[in-house]
Amino acid sequence: MEKVFTGIRKMISSGREGESFDIRGWIYRTRSSGSIVFAVMRDATGIVQCTVKKSEVSSEDFEQAARALIETSVECAGRLKADARAPGGYELIVTSFRVVSFAEPFPITENQSEPFLLDNRHLWIRSREQTAIMKIKETVLGGAREWFAENGFCEVTPPILTTNACEGGTTLFPLKYFDQNAYLSQSAQMYLEALTFSLEKVFAVTPSFRAEKSRTPRHLTEYWHLEGEEAWVNNEGNMLIQEELVSHIIGSVLRKRKEELALLKRDAEGLRTVEPPFERITYERALSLLSERGMNIKWGDDFGTEEEKVLTLEAVKPVFVTNFPKEIKAFYMKEDKSDSRTYSCADLIAPEGFGEVIGGSERETDVRKMISRMEEQSIPLEPYRWYLDLRKYGSVPHSGFGLGVERLVKWVCKLDHIRDAVPFPRTPSRIYP
Ligand code: NSS
């Protein structure tokens with residue numbers, strides 16, 4: 001009969017002392033003292049101490065257990081036994097220990113340099129911290145999909161190969177598309193706008209690419225972008241959607257990922273307060289707050305990490321900054337009705353210095369205004385002919401936003417560097433492994 005393997009977490013939480021279980025996984029830690037081997041095993045669900053006693057297993061099994069180094073893959077059987085000192089409160093008294101594949105000495109040990117760990121990322125991602133982060137990211141994406149589905153959004157699949165620069169020419173990755181010039185997508189926004197004319201409320205999760213040379217702890221050259229676009233919605237409605245979505249995501253993580261947050265030593269108190277409404281301040285108000293707090297920044301300057309940090313110094317929840325000056329935002333945004341120096345737009349700034357996690361806006365619907373703005377900025381019209389068409393056939397007010405998934409994960413997990421929010425980070429100096 002096929003053996004049935006039980007997940008480690010399920011085995012431990014069953015609490016069925018004395019019962020026999022088959023488990024499989026990798027050796028996480030091991031030590032031996034003559035006639036006994038303590039091998040802590042991990043699988044995708046948890047860890048458990050496996051105690052291999054010479055007297056309880058065949059001599060061949062014992063010899064294998066004594067010889068197996070960390071990361072050796074193993075199938076073993078044993079009886080569950082309560083032990084207050086063991087992680088999770090139980091150990092497995094092993095009755096059979098079969099090595100699937102012996103591991104060579106594992107290159108990753110304590111206190112290794114960052115470049116070494118990044119070169120060995122394919123092995124480092126097995127660590128419990130990295131595993132916890134990836135599980136939290138899964139819950140972030142799952143929570144987002146859940147919220148979108150409950151609120152009538154349709155998930156769509158825009159292209160990644162494109163001829164449009166959505167966010168300006170300076171951060172494009174060009175590529176040869178047979179005999180044409182094309183780019184990797186910076187944002188699905190324009191395609192999502194096209195899809196709102198039939199589906200009304202859409203969202204997409206896609207990789208986005210930015211050829212940003214800046215080496216900062218919050219920039220990747222390839223990141224995951226969660227974007228929503230909504231017909232019949234203005235900038236205020238757009239912010240309502242974002243604050244509900246973000247609160248739902250954080251709520252999911254708090255409910256489903258307690259263990260992972262604890263493993264990362266993430267104090268979740270602040271996250272618990274994340275519920276709508278989020279504070280909204282205009283860019284202009286932000287400038288005066290910054291100057292009151294001793295920062296020298298003038299109209300038309302964009303905010304950097306320091307400014308965003310100072311702005312959210314007293315905040316526990318994220319803060320929307322609205323009405324940015326036109327000169328620092330993209331041409332597709334709608335001019336604000338009450339302040340024509342600015343657009344109807346908002347960036348969402350995470351607290352605790354984590355900075356911008358969302359950029360969003362109402363979109364310009366007047367084709368003439370858009371064209372004259374593009375001409376002013378020397379943006380060629382030809383690649384955007386289809387985008388401009390959208391304004392000619394039954395245009396409606398619409399808004400949308402883009403959330404940087406790794407930026408959000410960085411905040412939720414309180415990571416020092418964004419590269420730890422993605423298993424194989426792409427930065428200006430790294431595309432291996
Ligand atoms: O450039 S954005 O501010 N806005 C857009 O791309 C819009 N076209 C989105 C939309 O309205 N559909 O980028 C959006 C978010 C930004 O707030 C960050 O959270 C994230 O994308 N972002 C990044 N994350 C990681 N690394 C880099 N380089 C990066 N650039 C933006």
# chains A, B, ... in the order shown; residues from 1 in each chain; ligands from 1
$ residues_around --residues "segment 221-237 of chain A" --least-positions-apart "2" --cutoff "7 Å" --atoms "only C-alpha atoms" --output "number ranges by chain"
A: 192-193, 196, 200-212, 219, 239-241, 344-345, 361-362, 396-406, 426-428
$ write_last_selection --atoms "N, CA and C atoms" --output "tab-separated table (two decimals), in the first residue's frame"
chain	number	residue	atom	x	y	z
A	192	LEU	N	-5.54	48.16	-18.51
A	192	LEU	CA	-6.67	48.03	-17.58
A	192	LEU	C	-7.73	49.09	-17.90
A	193	GLU	N	-7.27	50.30	-18.23
A	193	GLU	CA	-8.24	51.35	-18.61
A	193	GLU	C	-9.09	50.86	-19.78
A	196	THR	N	-11.84	48.50	-18.69
A	196	THR	CA	-12.96	48.99	-17.87
A	196	THR	C	-14.18	49.34	-18.73
A	200	GLU	N	-15.89	47.21	-16.43
A	200	GLU	CA	-16.08	48.29	-15.43
A	200	GLU	C	-15.07	48.29	-14.28
A	201	LYS	N	-15.00	47.16	-13.52
A	201	LYS	CA	-14.02	47.13	-12.43
A	201	LYS	C	-13.07	45.95	-12.66
A	202	VAL	N	-11.81	46.26	-12.86
A	202	VAL	CA	-10.85	45.19	-13.16
A	202	VAL	C	-9.62	45.31	-12.25
A	203	PHE	N	-8.91	44.19	-12.13
A	203	PHE	CA	-7.60	44.25	-11.47
A	203	PHE	C	-6.68	43.23	-12.11
A	204	ALA	N	-5.38	43.42	-11.89
A	204	ALA	CA	-4.39	42.49	-12.43
A	204	ALA	C	-3.20	42.43	-11.47
A	205	VAL	N	-2.56	41.28	-11.45
A	205	VAL	CA	-1.30	41.11	-10.71
A	205	VAL	C	-0.27	40.72	-11.76
A	206	THR	N	0.67	41.60	-12.01
A	206	THR	CA	1.65	41.34	-13.08
A	206	THR	C	3.04	41.77	-12.62
A	207	PRO	N	4.08	41.23	-13.25
A	207	PRO	CA	5.39	41.80	-12.98
A	207	PRO	C	5.51	43.15	-13.68
A	208	SER	N	6.14	44.11	-13.02
A	208	SER	CA	6.44	45.39	-13.64
A	208	SER	C	7.94	45.60	-13.58
A	209	PHE	N	8.44	46.34	-14.54
A	209	PHE	CA	9.89	46.49	-14.67
A	209	PHE	C	10.27	47.96	-14.65
A	210	ARG	N	11.30	48.29	-13.90
A	210	ARG	CA	11.80	49.67	-13.84
A	210	ARG	C	13.32	49.62	-13.90
A	211	ALA	N	13.85	50.24	-14.95
A	211	ALA	CA	15.31	50.27	-15.09
A	211	ALA	C	15.84	51.41	-14.22
A	212	GLU	N	15.63	51.27	-12.91
A	212	GLU	CA	16.05	52.31	-11.99
A	212	GLU	C	17.43	51.95	-11.44
A	219	HIS	N	13.73	49.72	-3.90
A	219	HIS	CA	13.58	49.60	-5.35
A	219	HIS	C	14.08	48.26	-5.87
A	239	MET	N	-9.66	56.26	-3.53
A	239	MET	CA	-9.00	56.15	-2.22
A	239	MET	C	-9.81	55.26	-1.28
A	240	LEU	N	-11.15	55.35	-1.37
A	240	LEU	CA	-11.99	54.48	-0.53
A	240	LEU	C	-11.69	53.01	-0.84
A	241	ILE	N	-11.56	52.72	-2.13
A	241	ILE	CA	-11.26	51.34	-2.55
A	241	ILE	C	-9.90	50.91	-1.98
A	344	SER	N	-5.85	65.24	-9.69
A	344	SER	CA	-6.68	64.47	-8.75
A	344	SER	C	-6.00	63.12	-8.56
A	345	CYS	N	-5.04	63.10	-7.66
A	345	CYS	CA	-4.25	61.88	-7.51
A	345	CYS	C	-3.89	61.68	-6.06
A	361	SER	N	-4.63	57.57	-9.28
A	361	SER	CA	-5.19	58.85	-9.74
A	361	SER	C	-6.50	58.64	-10.48
A	362	GLU	N	-7.22	59.76	-10.62
A	362	GLU	CA	-8.30	59.79	-11.59
A	362	GLU	C	-7.63	60.03	-12.94
A	396	VAL	N	-15.74	57.55	-19.98
A	396	VAL	CA	-16.43	57.82	-18.71
A	396	VAL	C	-15.37	58.15	-17.66
A	397	PRO	N	-15.78	58.87	-16.59
A	397	PRO	CA	-14.81	59.12	-15.52
A	397	PRO	C	-14.28	57.78	-15.01
A	398	HIS	N	-13.01	57.71	-14.78
A	398	HIS	CA	-12.46	56.47	-14.22
A	398	HIS	C	-11.15	56.74	-13.50
A	399	SER	N	-10.84	55.85	-12.59
A	399	SER	CA	-9.65	56.01	-11.74
A	399	SER	C	-9.02	54.65	-11.51
A	400	GLY	N	-7.79	54.68	-11.03
A	400	GLY	CA	-7.11	53.41	-10.75
A	400	GLY	C	-5.87	53.64	-9.93
A	401	PHE	N	-5.22	52.54	-9.59
A	401	PHE	CA	-4.05	52.64	-8.71
A	401	PHE	C	-3.15	51.42	-8.91
A	402	GLY	N	-1.90	51.56	-8.48
A	402	GLY	CA	-0.95	50.46	-8.52
A	402	GLY	C	-0.29	50.30	-7.17
A	403	LEU	N	-0.37	49.08	-6.64
A	403	LEU	CA	0.24	48.80	-5.33
A	403	LEU	C	1.47	47.92	-5.56
A	404	GLY	N	2.59	48.35	-5.00
A	404	GLY	CA	3.82	47.56	-5.09
A	404	GLY	C	3.76	46.44	-4.05
A	405	VAL	N	3.61	45.20	-4.54
A	405	VAL	CA	3.38	44.08	-3.61
A	405	VAL	C	4.56	43.93	-2.64
A	406	GLU	N	5.78	44.05	-3.15
A	406	GLU	CA	6.94	43.89	-2.25
A	406	GLU	C	7.06	45.06	-1.28
A	426	ARG	N	15.74	41.07	-8.28
A	426	ARG	CA	16.41	41.69	-9.42
A	426	ARG	C	16.68	43.14	-9.06
A	427	THR	N	17.96	43.49	-9.00
A	427	THR	CA	18.37	44.85	-8.69
A	427	THR	C	19.41	45.26	-9.73
A	428	PRO	N	19.83	46.56	-9.75
A	428	PRO	CA	20.77	46.94	-10.81
A	428	PRO	C	22.02	46.06	-10.84
$ residues_around --residues "Pro217 of chain A" --least-positions-apart "4" --cutoff "10 Å" --atoms "only C-alpha atoms" --output "list of chain:residue names"
A:Thr305, A:Phe354, A:Arg407, A:Lys410, A:Leu415, A:Asp416, A:His417, A:Ile418, A:Arg419, A:Asp420
$ write_last_selection --atoms "N, CA, C and O atoms" --output "JSON list (two decimals), in the first residue's frame"
[["chain", "number", "residue", "atom", "x", "y", "z"],
["A", 305, "THR", "N", 12.62, 59.22, 0.45],
["A", 305, "THR", "CA", 12.44, 58.37, 1.64],
["A", 305, "THR", "C", 12.35, 59.22, 2.91],
["A", 305, "THR", "O", 11.48, 58.99, 3.75],
["A", 354, "PHE", "N", 8.09, 53.30, 6.09],
["A", 354, "PHE", "CA", 8.14, 52.35, 4.97],
["A", 354, "PHE", "C", 7.83, 52.98, 3.61],
["A", 354, "PHE", "O", 8.07, 52.38, 2.58],
["A", 407, "ARG", "N", 6.63, 46.25, -1.70],
["A", 407, "ARG", "CA", 6.64, 47.39, -0.77],
["A", 407, "ARG", "C", 5.70, 47.10, 0.41],
["A", 407, "ARG", "O", 6.01, 47.40, 1.56],
["A", 410, "LYS", "N", 7.19, 44.40, 2.58],
["A", 410, "LYS", "CA", 8.31, 44.97, 3.35],
["A", 410, "LYS", "C", 7.77, 45.63, 4.62],
["A", 410, "LYS", "O", 8.32, 45.46, 5.71],
["A", 415, "LEU", "N", 10.67, 44.56, 7.01],
["A", 415, "LEU", "CA", 11.95, 44.14, 6.46],
["A", 415, "LEU", "C", 12.85, 45.36, 6.25],
["A", 415, "LEU", "O", 12.36, 46.43, 5.92],
["A", 416, "ASP", "N", 14.15, 45.15, 6.41],
["A", 416, "ASP", "CA", 15.09, 46.25, 6.17],
["A", 416, "ASP", "C", 15.21, 46.52, 4.67],
["A", 416, "ASP", "O", 15.43, 47.65, 4.26],
["A", 417, "HIS", "N", 15.14, 45.46, 3.87],
["A", 417, "HIS", "CA", 15.38, 45.62, 2.44],
["A", 417, "HIS", "C", 14.30, 44.93, 1.63],
["A", 417, "HIS", "O", 13.89, 43.82, 1.94],
["A", 418, "ILE", "N", 13.87, 45.59, 0.55],
["A", 418, "ILE", "CA", 12.80, 45.05, -0.29],
["A", 418, "ILE", "C", 13.18, 43.73, -0.95],
["A", 418, "ILE", "O", 12.32, 42.92, -1.26],
["A", 419, "ARG", "N", 14.50, 43.48, -1.11],
["A", 419, "ARG", "CA", 14.88, 42.25, -1.82],
["A", 419, "ARG", "C", 14.43, 41.01, -1.06],
["A", 419, "ARG", "O", 14.25, 39.95, -1.65],
["A", 420, "ASP", "N", 14.20, 41.14, 0.27],
["A", 420, "ASP", "CA", 13.76, 39.97, 1.02],
["A", 420, "ASP", "C", 12.27, 39.70, 0.87],
["A", 420, "ASP", "O", 11.76, 38.71, 1.38]]
$ closest_residue --among "A:Glu352, A:Glu167, A:Glu91, A:Glu364" --to "ligand 1" --atoms "only C-alpha atoms and all ligand atoms"
A:Glu167
$ select_by_dssp --residues "segment 200-326 of chain A" --states "alpha helix (DSSP H)" --output "PyMOL selection string"
chain A and resi 235-256+258-263+269-272+283-292+305-311
$ atom_distance --atom1 "atom CA of Gly169 of chain A" --atom2 "atom CA of Asn238 of chain A"
26.2 Å
$ residues_around --residues "Ser288 of chain A" --least-positions-apart "3" --cutoff "12 Å" --atoms "only C-alpha atoms" --output "list in words"
Ile281, Thr282, Tyr283, Glu284, Arg285, Ser291, Glu292, Arg293, Gly294, Met295, Asn296, Ile297, Lys298, Trp299, Glu307, Val310 and Leu311 of chain A
$ select_by_dssp --residues "segment 23-125 of chain A" --states "strand (DSSP E or B)" --output "NGL selection string"
:A and (23-33 or 36-42 or 47-53 or 73-82 or 90-101)
$ residues_around --residues "Ala66 of chain A" --least-positions-apart "6" --cutoff "10 Å" --atoms "only C-alpha atoms" --output "VMD selection string"
chain A and resid 30 to 39 52 54 60
$ residues_around --residues "Gly270 of chain A" --least-positions-apart "5" --cutoff "10 Å" --atoms "only C-alpha atoms" --output "PyMOL selection string"
chain A and resi 315-317+351-352+412
$ write_last_selection --atoms "N, CA, C and O atoms" --output "mmCIF file, in the first residue's frame"
data_model
loop_
_atom_site.group_PDB
_atom_site.id
_atom_site.type_symbol
_atom_site.label_atom_id
_atom_site.label_comp_id
_atom_site.auth_asym_id
_atom_site.auth_seq_id
_atom_site.Cartn_x
_atom_site.Cartn_y
_atom_site.Cartn_z
ATOM 1 N N ALA A 315 2.146 58.814 12.494
ATOM 2 C CA ALA A 315 1.034 57.988 12.002
ATOM 3 C C ALA A 315 1.225 56.526 12.390
ATOM 4 O O ALA A 315 2.356 56.038 12.456
ATOM 5 N N VAL A 316 0.138 55.835 12.679
ATOM 6 C CA VAL A 316 0.221 54.369 12.812
ATOM 7 C C VAL A 316 -0.408 53.704 11.603
ATOM 8 O O VAL A 316 -0.085 52.582 11.238
ATOM 9 N N LYS A 317 -1.331 54.460 10.961
ATOM 10 C CA LYS A 317 -1.982 53.951 9.754
ATOM 11 C C LYS A 317 -1.334 54.617 8.540
ATOM 12 O O LYS A 317 -0.716 55.676 8.659
ATOM 13 N N PRO A 351 3.153 53.827 7.226
ATOM 14 C CA PRO A 351 3.776 54.410 8.419
ATOM 15 C C PRO A 351 5.127 53.770 8.735
ATOM 16 O O PRO A 351 5.585 52.904 7.988
ATOM 17 N N GLU A 352 5.725 54.188 9.816
ATOM 18 C CA GLU A 352 6.989 53.626 10.337
ATOM 19 C C GLU A 352 8.128 53.754 9.326
ATOM 20 O O GLU A 352 9.053 52.951 9.322
ATOM 21 N N VAL A 412 4.631 45.124 6.027
ATOM 22 C CA VAL A 412 3.921 44.155 6.874
ATOM 23 C C VAL A 412 4.913 43.288 7.655
ATOM 24 O O VAL A 412 4.698 42.987 8.822
#
$ closest_residue --among "A:Pro107, A:Gly25, A:Gly15, A:Gly142" --to "Gly88 of chain A" --atoms "only C-alpha atoms"
A:Gly15
$ atom_distance --atom1 "atom CA of Glu335 of chain A" --atom2 "atom CA of Asp366 of chain A"
10.3 Å
$ residues_around --residues "segment 274-278 of chain A" --least-positions-apart "3" --cutoff "12 Å" --atoms "only C-alpha atoms" --output "PyMOL selection string"
chain A and resi 236+239-254+268-271+281+312+315-321+346-351+412
$ closest_residue --among "A:Leu195, A:Leu184, A:Cys166, A:Val48" --to "ligand 1" --atoms "only C-alpha atoms and all ligand atoms"
A:Cys166
$ residues_around --residues "Arg126 of chain A" --least-positions-apart "6" --cutoff "12 Å" --atoms "only C-alpha atoms" --output "PyMOL selection string"
chain A and resi 25-28+42-44+70-71+106+108+117+120+132-134+423
$ write_last_selection --atoms "N, CA, C and O atoms" --output "PDB file, in the first residue's frame"
ATOM      1  N   GLY A  25      10.775  15.180   4.831  1.00  0.00           N
ATOM      2  CA  GLY A  25      11.223  16.570   4.744  1.00  0.00           C
ATOM      3  C   GLY A  25      12.743  16.637   4.710  1.00  0.00           C
ATOM      4  O   GLY A  25      13.395  15.729   4.183  1.00  0.00           O
ATOM      5  N   TRP A  26      13.278  17.699   5.293  1.00  0.00           N
ATOM      6  CA  TRP A  26      14.713  17.954   5.255  1.00  0.00           C
ATOM      7  C   TRP A  26      15.237  18.172   6.671  1.00  0.00           C
ATOM      8  O   TRP A  26      14.516  18.707   7.520  1.00  0.00           O
ATOM      9  N   ILE A  27      16.482  17.780   6.888  1.00  0.00           N
ATOM     10  CA  ILE A  27      17.065  17.978   8.225  1.00  0.00           C
ATOM     11  C   ILE A  27      17.429  19.452   8.387  1.00  0.00           C
ATOM     12  O   ILE A  27      18.158  20.026   7.580  1.00  0.00           O
ATOM     13  N   TYR A  28      16.900  20.028   9.447  1.00  0.00           N
ATOM     14  CA  TYR A  28      17.081  21.459   9.697  1.00  0.00           C
ATOM     15  C   TYR A  28      18.243  21.684  10.659  1.00  0.00           C
ATOM     16  O   TYR A  28      19.000  22.654  10.529  1.00  0.00           O
ATOM     17  N   ARG A  42      12.281  19.591   8.958  1.00  0.00           N
ATOM     18  CA  ARG A  42      11.300  20.597   8.539  1.00  0.00           C
ATOM     19  C   ARG A  42      10.601  20.121   7.270  1.00  0.00           C
ATOM     20  O   ARG A  42      11.208  19.426   6.443  1.00  0.00           O
ATOM     21  N   ASP A  43       9.350  20.482   7.138  1.00  0.00           N
ATOM     22  CA  ASP A  43       8.660  20.357   5.851  1.00  0.00           C
ATOM     23  C   ASP A  43       7.987  21.701   5.588  1.00  0.00           C
ATOM     24  O   ASP A  43       8.266  22.682   6.294  1.00  0.00           O
ATOM     25  N   ALA A  44       7.113  21.764   4.594  1.00  0.00           N
ATOM     26  CA  ALA A  44       6.518  23.058   4.244  1.00  0.00           C
ATOM     27  C   ALA A  44       5.668  23.617   5.373  1.00  0.00           C
ATOM     28  O   ALA A  44       5.381  24.809   5.407  1.00  0.00           O
ATOM     29  N   ILE A  70      22.860  18.456   7.625  1.00  0.00           N
ATOM     30  CA  ILE A  70      21.654  19.272   7.432  1.00  0.00           C
ATOM     31  C   ILE A  70      21.324  19.384   5.934  1.00  0.00           C
ATOM     32  O   ILE A  70      22.216  19.323   5.091  1.00  0.00           O
ATOM     33  N   GLU A  71      20.053  19.517   5.644  1.00  0.00           N
ATOM     34  CA  GLU A  71      19.462  19.581   4.305  1.00  0.00           C
ATOM     35  C   GLU A  71      19.361  18.219   3.621  1.00  0.00           C
ATOM     36  O   GLU A  71      18.876  18.121   2.490  1.00  0.00           O
ATOM     37  N   PHE A 106      26.377  21.944   3.789  1.00  0.00           N
ATOM     38  CA  PHE A 106      25.569  23.069   3.281  1.00  0.00           C
ATOM     39  C   PHE A 106      26.386  24.351   3.344  1.00  0.00           C
ATOM     40  O   PHE A 106      26.951  24.672   4.397  1.00  0.00           O
ATOM     41  N   ILE A 108      25.568  27.398   3.482  1.00  0.00           N
ATOM     42  CA  ILE A 108      25.042  28.519   4.280  1.00  0.00           C
ATOM     43  C   ILE A 108      25.122  28.196   5.766  1.00  0.00           C
ATOM     44  O   ILE A 108      24.499  27.253   6.241  1.00  0.00           O
ATOM     45  N   LEU A 117      25.285  35.416   0.574  1.00  0.00           N
ATOM     46  CA  LEU A 117      23.910  34.919   0.716  1.00  0.00           C
ATOM     47  C   LEU A 117      23.104  35.169  -0.553  1.00  0.00           C
ATOM     48  O   LEU A 117      22.294  34.341  -0.966  1.00  0.00           O
ATOM     49  N   ASN A 120      23.922  32.748  -3.185  1.00  0.00           N
ATOM     50  CA  ASN A 120      23.363  31.436  -2.847  1.00  0.00           C
ATOM     51  C   ASN A 120      21.882  31.522  -2.496  1.00  0.00           C
ATOM     52  O   ASN A 120      21.386  30.754  -1.684  1.00  0.00           O
ATOM     53  N   ALA A 132       8.732  32.154   5.897  1.00  0.00           N
ATOM     54  CA  ALA A 132       7.635  32.906   6.538  1.00  0.00           C
ATOM     55  C   ALA A 132       7.240  34.098   5.667  1.00  0.00           C
ATOM     56  O   ALA A 132       6.050  34.377   5.473  1.00  0.00           O
ATOM     57  N   ILE A 133       8.234  34.802   5.106  1.00  0.00           N
ATOM     58  CA  ILE A 133       7.934  35.973   4.270  1.00  0.00           C
ATOM     59  C   ILE A 133       7.129  35.548   3.038  1.00  0.00           C
ATOM     60  O   ILE A 133       6.140  36.186   2.667  1.00  0.00           O
ATOM     61  N   MET A 134       7.542  34.431   2.430  1.00  0.00           N
ATOM     62  CA  MET A 134       6.821  33.990   1.223  1.00  0.00           C
ATOM     63  C   MET A 134       5.390  33.575   1.554  1.00  0.00           C
ATOM     64  O   MET A 134       4.471  33.798   0.764  1.00  0.00           O
ATOM     65  N   PRO A 423      11.630  36.086  -3.760  1.00  0.00           N
ATOM     66  CA  PRO A 423      12.624  35.011  -3.614  1.00  0.00           C
ATOM     67  C   PRO A 423      13.902  35.238  -4.424  1.00  0.00           C
ATOM     68  O   PRO A 423      14.996  34.955  -3.942  1.00  0.00           O
TER      69      PRO A 423
END
